[in-house]
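Chemist: Here it is: the structure, laid out below.
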Amino acid sequence: MKILFVDHECHKKTRSAEFFLDVLRKEHEVCEHYYSKHYRTGLPVPVAGCDVVIAWEFLVSRRKFHLPGNKNIFVPMYDNEWGSYWQWKRIAWSGIGVISFCDKITAHARRCGVTNILDVRYFPDPAQLPRETGERNRVFLWERGEFGKSLAERLFPQSEGYVLEIKSDGEFISRDEHLVRMSKCGIVIAPRRKEGIGMAFLEAMAMGKCVVANNDATMNEYIKNGKSGILFSCGDIKPIREEDVDAVRAQIGDYAVDMRARWIRDAAKINDFLARQPEIHLTFVDRLKIFLAYPLFLLEGALFRFRQKYVRSQMGVLL
């Protein structure tokens with residue numbers, strides 16, 4: 001099959017979807033199209049020549065979110081606005097396929113009537129990452145606009161002998177340099193309150209680090225508290241106990257092997273899922289329902305952004 005993969009240009013730089021593209025390329029011809037403004041994809045003219053259109057993180061448009069006559073796949077991310085009810089109802093009525101990397105998204109989509117969905121879980125290959133144990137009391141934090149030094153010091157007080165290794169939000173280094181700096185640390189703080197997939201903390205887990213993360217998806221879908229990582233609540237931050245860190249560091253290697261094995265199994269399901277997708281040809285009733293639900297989706301989106309702005313203002317104490 002010929003696949004058109006549609007994604008934001010920021011991911012062209014970070015290559016955060018490269019693992020997914022690698023799966024597709026094993027069996028299909030893949031064309032990549034990147035855009036700069038969300039929901040303004042400016043799709044290329046030869047879309048009709050593609051068998052499948054895959055939209056990564058954002059749908060191709062808020063209003064016309066699928067392409068009739070094509071096989072359509074949507075890959076949503078939890079850290080975006082995918083708590084919406086009405087947009088998921090529209091997706092359900094359209095029949096487009098969904099590939100979900102998050103249990104929370106999968107459950108919500110199913111509640112909204114989505115049945116054409118594949119649930120998978122990615123995990124990096126530990127063999128492709130540095131395996132240095134790192135210093136037991138050295139803590140790595142990548143500041144990405146949500147968590148900063150204040151949070152790190154409350155979790156790991158310097159008075160208890162912890163040393164902070166902070167990569168600031170405006171600091172630009174190569175991926176290899178980033179991994180080397182992180183490899184020197186035995187503890188890594190997941191940099192965000194919630195994640196779409198969570199490459200930053202997943203790579204740390206694959207490297208054998210004790211990852212400490214906010215208790216939300218996707219972190220809490222990988223981390224079994226006290227075993228494969230440590231979860232905390234943003235509303236009740238307490239110092240992490242040394243014995244809990246040691247327990248995680250002793251077990252994370254075996255857990256990483258198991259999670260990698262699961263991803264290999266899940267990855268094998270993706271191309272089969274694509275092959276089973278129908279072309280989208282909607283009935284008049286379905287088109288009407290999708291049209292009438294559009295204003296309700298826009299209202300939901302506005303309320304979501306308002307709540308998000310309020311929450312971030314309240315989280316300022318952690319920066």
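Each chain of the structure tokens is named A, B, ... in the order shown, its residues numbered from 1; ligands are numbered from 1 in display order.
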Contacts of stretch 225-234 of chain A at 7 Å or less, counting only C-alpha atoms, minus same-chain residues fewer than 4 places along, as a PyMOL selection string?
Modeler: chain A and resi 210-215+244+247-248+251-252+255
Chemist: Find the residues of stretch 131-198 of chain A that sit at most 12 Å from stretch 49-63 of chain A; for each, write down the nearest two atoms and how far apart they are in Å, to one decimal. Count only C-alpha atoms. Sort by chain, then by number going up, and give it as JSON lines.
Modeler:
{"residue": "A:Glu195", "atom": "CA", "partner": "A:Glu57", "partner_atom": "CA", "distance": 11.7}
{"residue": "A:Gly196", "atom": "CA", "partner": "A:Glu57", "partner_atom": "CA", "distance": 8.3}
{"residue": "A:Ile197", "atom": "CA", "partner": "A:Glu57", "partner_atom": "CA", "distance": 10.4}
Chemist: Once you have the residues from the selection above, write them out as a JSON list (two decimals), in the first residue's frame, restricted to C-alpha atoms.
Modeler:
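File out07.json, as written:
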[["chain", "number", "residue", "atom", "x", "y", "z"],
["A", 195, "GLU", "CA", 2.25, 12.79, 27.83],
["A", 196, "GLY", "CA", 1.10, 11.67, 24.41],
["A", 197, "ILE", "CA", 3.53, 8.77, 24.33]]
Chemist: By how many Å are atom CA of A:His66 and atom CA of A:Tyr122 apart?
Modeler: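 Computing the Euclidean distance for atom CA of A:His66 and atom CA of A:Tyr122 yields 25.3 Å.
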Chemist: Just the number, please: distance in Å from atom CA of A:Lys89 to atom CA of A:Thr115, one decimal.
Modeler: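 Going from atom CA of A:Lys89 over to atom CA of A:Thr115, I get 11.1 Å.
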Chemist: Contacts of A:Asp258 at 12 Å or less, counting only C-alpha atoms, minus same-chain residues fewer than 5 places along, as an NGL selection string?
Modeler: :A and (121-126 or 205-206 or 222 or 228 or 251-253 or 263-265)
Chemist: Would you mind writing down, as an MDAnalysis selection string, each residue of stretch 83-314 of chain A that DSSP on the backbone assigns to helix (DSSP H, G or I)?
Modeler: chainID A and resid 86:94 103:111 126:128 149:155 158:160 175:183 199:206 219:222 242:275 284:314
Chemist: Using only C-alpha atoms, which of the listed residues (A:Gln158, A:Ser183, A:Thr106, A:Ser174) sits closest to A:Phe140?
Modeler: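 Of the candidates, the smallest distance to A:Phe140 is held by A:Ser183.
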Chemist: How would you write, as a list in words, the set of residues in stretch 133-178 of chain A that DSSP gives as strand (DSSP E or B)?
Modeler: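 Written out, the strand (DSSP E or B) residues of stretch 133-178 of chain A are Glu135, Arg136, Asn137, Arg138, Val139, Phe140, Leu141, Trp142, Val163, Leu164, Glu165, Ile166 and Lys167 of chain A.
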Chemist: Selected residues, C-alpha atoms, written as a short mmCIF file (atom, residue, chain, number, x, y, z; two decimals), in the first residue's frame, please.
Modeler:
data_model
loop_
_atom_site.label_atom_id
_atom_site.label_comp_id
_atom_site.auth_asym_id
_atom_site.auth_seq_id
_atom_site.Cartn_x
_atom_site.Cartn_y
_atom_site.Cartn_z
CA GLU A 135 25.12 8.08 40.12
CA ARG A 136 22.55 7.01 42.69
CA ASN A 137 22.05 10.54 44.07
CA ARG A 138 22.21 12.47 40.78
CA VAL A 139 18.82 13.62 39.45
CA PHE A 140 18.15 14.61 35.84
CA LEU A 141 15.38 17.06 34.91
CA TRP A 142 14.61 18.43 31.47
CA VAL A 163 22.67 16.67 43.02
CA LEU A 164 20.47 18.17 40.31
CA GLU A 165 21.40 17.93 36.63
CA ILE A 166 19.05 20.33 34.84
CA LYS A 167 18.67 20.77 31.11
#
Chemist: Quick one, how far is atom CA of A:Gln128 from atom CA of A:Phe156?
Modeler: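 Atom CA of A:Phe156 lies at a distance of 29.0 Å from atom CA of A:Gln128.
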Chemist: Give me, as a VMD selection string, all polymer residues having an atom no more than 12 Å from A:Ile91, counting only C-alpha atoms and skipping those fewer than 4 positions away in the same chain.
Modeler: chain A and resid 59 62 to 66 72 to 76 82 84 to 87 95 to 98 109 to 110 112 to 117 280 282 286 to 287 289 to 291 293 to 294 297
Chemist: Taking 4 positions as the minimum chain separation for residues in the same chain, which residues sit within 12 Å of A:Asp176 when counting only C-alpha atoms? Answer as a PyMOL selection string.
Modeler: chain A and resi 128-130+172+180-183
Chemist: Mind dumping the selected residues with N, CA and C atoms as a PDB file, in the first residue's frame?
Modeler:
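The resulting file, out_4.pdb, is shown below:
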ATOM      1  N   GLN A 128      19.715  -0.028  22.146  1.00  0.00           N
ATOM      2  CA  GLN A 128      20.092   1.121  21.328  1.00  0.00           C
ATOM      3  C   GLN A 128      20.379   2.372  22.159  1.00  0.00           C
ATOM      4  N   LEU A 129      20.379   2.227  23.476  1.00  0.00           N
ATOM      5  CA  LEU A 129      20.567   3.374  24.368  1.00  0.00           C
ATOM      6  C   LEU A 129      21.737   3.124  25.322  1.00  0.00           C
ATOM      7  N   PRO A 130      22.338   4.207  25.851  1.00  0.00           N
ATOM      8  CA  PRO A 130      23.409   4.021  26.836  1.00  0.00           C
ATOM      9  C   PRO A 130      22.904   3.229  28.036  1.00  0.00           C
ATOM     10  N   PHE A 172      19.741  24.038  23.822  1.00  0.00           N
ATOM     11  CA  PHE A 172      19.648  23.179  22.651  1.00  0.00           C
ATOM     12  C   PHE A 172      20.914  22.336  22.515  1.00  0.00           C
ATOM     13  N   VAL A 180      23.672  11.244  26.850  1.00  0.00           N
ATOM     14  CA  VAL A 180      24.899  11.118  27.648  1.00  0.00           C
ATOM     15  C   VAL A 180      24.731  11.805  28.995  1.00  0.00           C
ATOM     16  N   ARG A 181      24.158  13.001  28.992  1.00  0.00           N
ATOM     17  CA  ARG A 181      23.935  13.707  30.263  1.00  0.00           C
ATOM     18  C   ARG A 181      22.982  12.928  31.161  1.00  0.00           C
ATOM     19  N   MET A 182      21.937  12.382  30.573  1.00  0.00           N
ATOM     20  CA  MET A 182      20.976  11.626  31.361  1.00  0.00           C
ATOM     21  C   MET A 182      21.589  10.326  31.882  1.00  0.00           C
ATOM     22  N   SER A 183      22.503   9.740  31.116  1.00  0.00           N
ATOM     23  CA  SER A 183      23.098   8.463  31.517  1.00  0.00           C
ATOM     24  C   SER A 183      23.933   8.592  32.794  1.00  0.00           C
TER      25      SER A 183
END
Chemist: May I ask which of the residues A:Leu292, A:Leu274, A:Ala92, A:Ala152 is the closest one to A:His108, counting only C-alpha atoms?
Modeler: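 Nearest to A:His108: A:Ala92.
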Chemist: Check the smallest atom-to-atom distance from each of A:Ala256, A:Asp266, A:Val285, A:Ser36 to A:Leu202 using only C-alpha atoms, then report the winner.
Modeler: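 Using only C-alpha atoms, the shortest distance to A:Leu202 belongs to A:Ala256.
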Chemist: Pick out the closest residue to A:Met219 from this set: A:Lys71, A:Lys238, A:His33, A:Lys104. Count only C-alpha atoms.
Modeler: A:Lys104
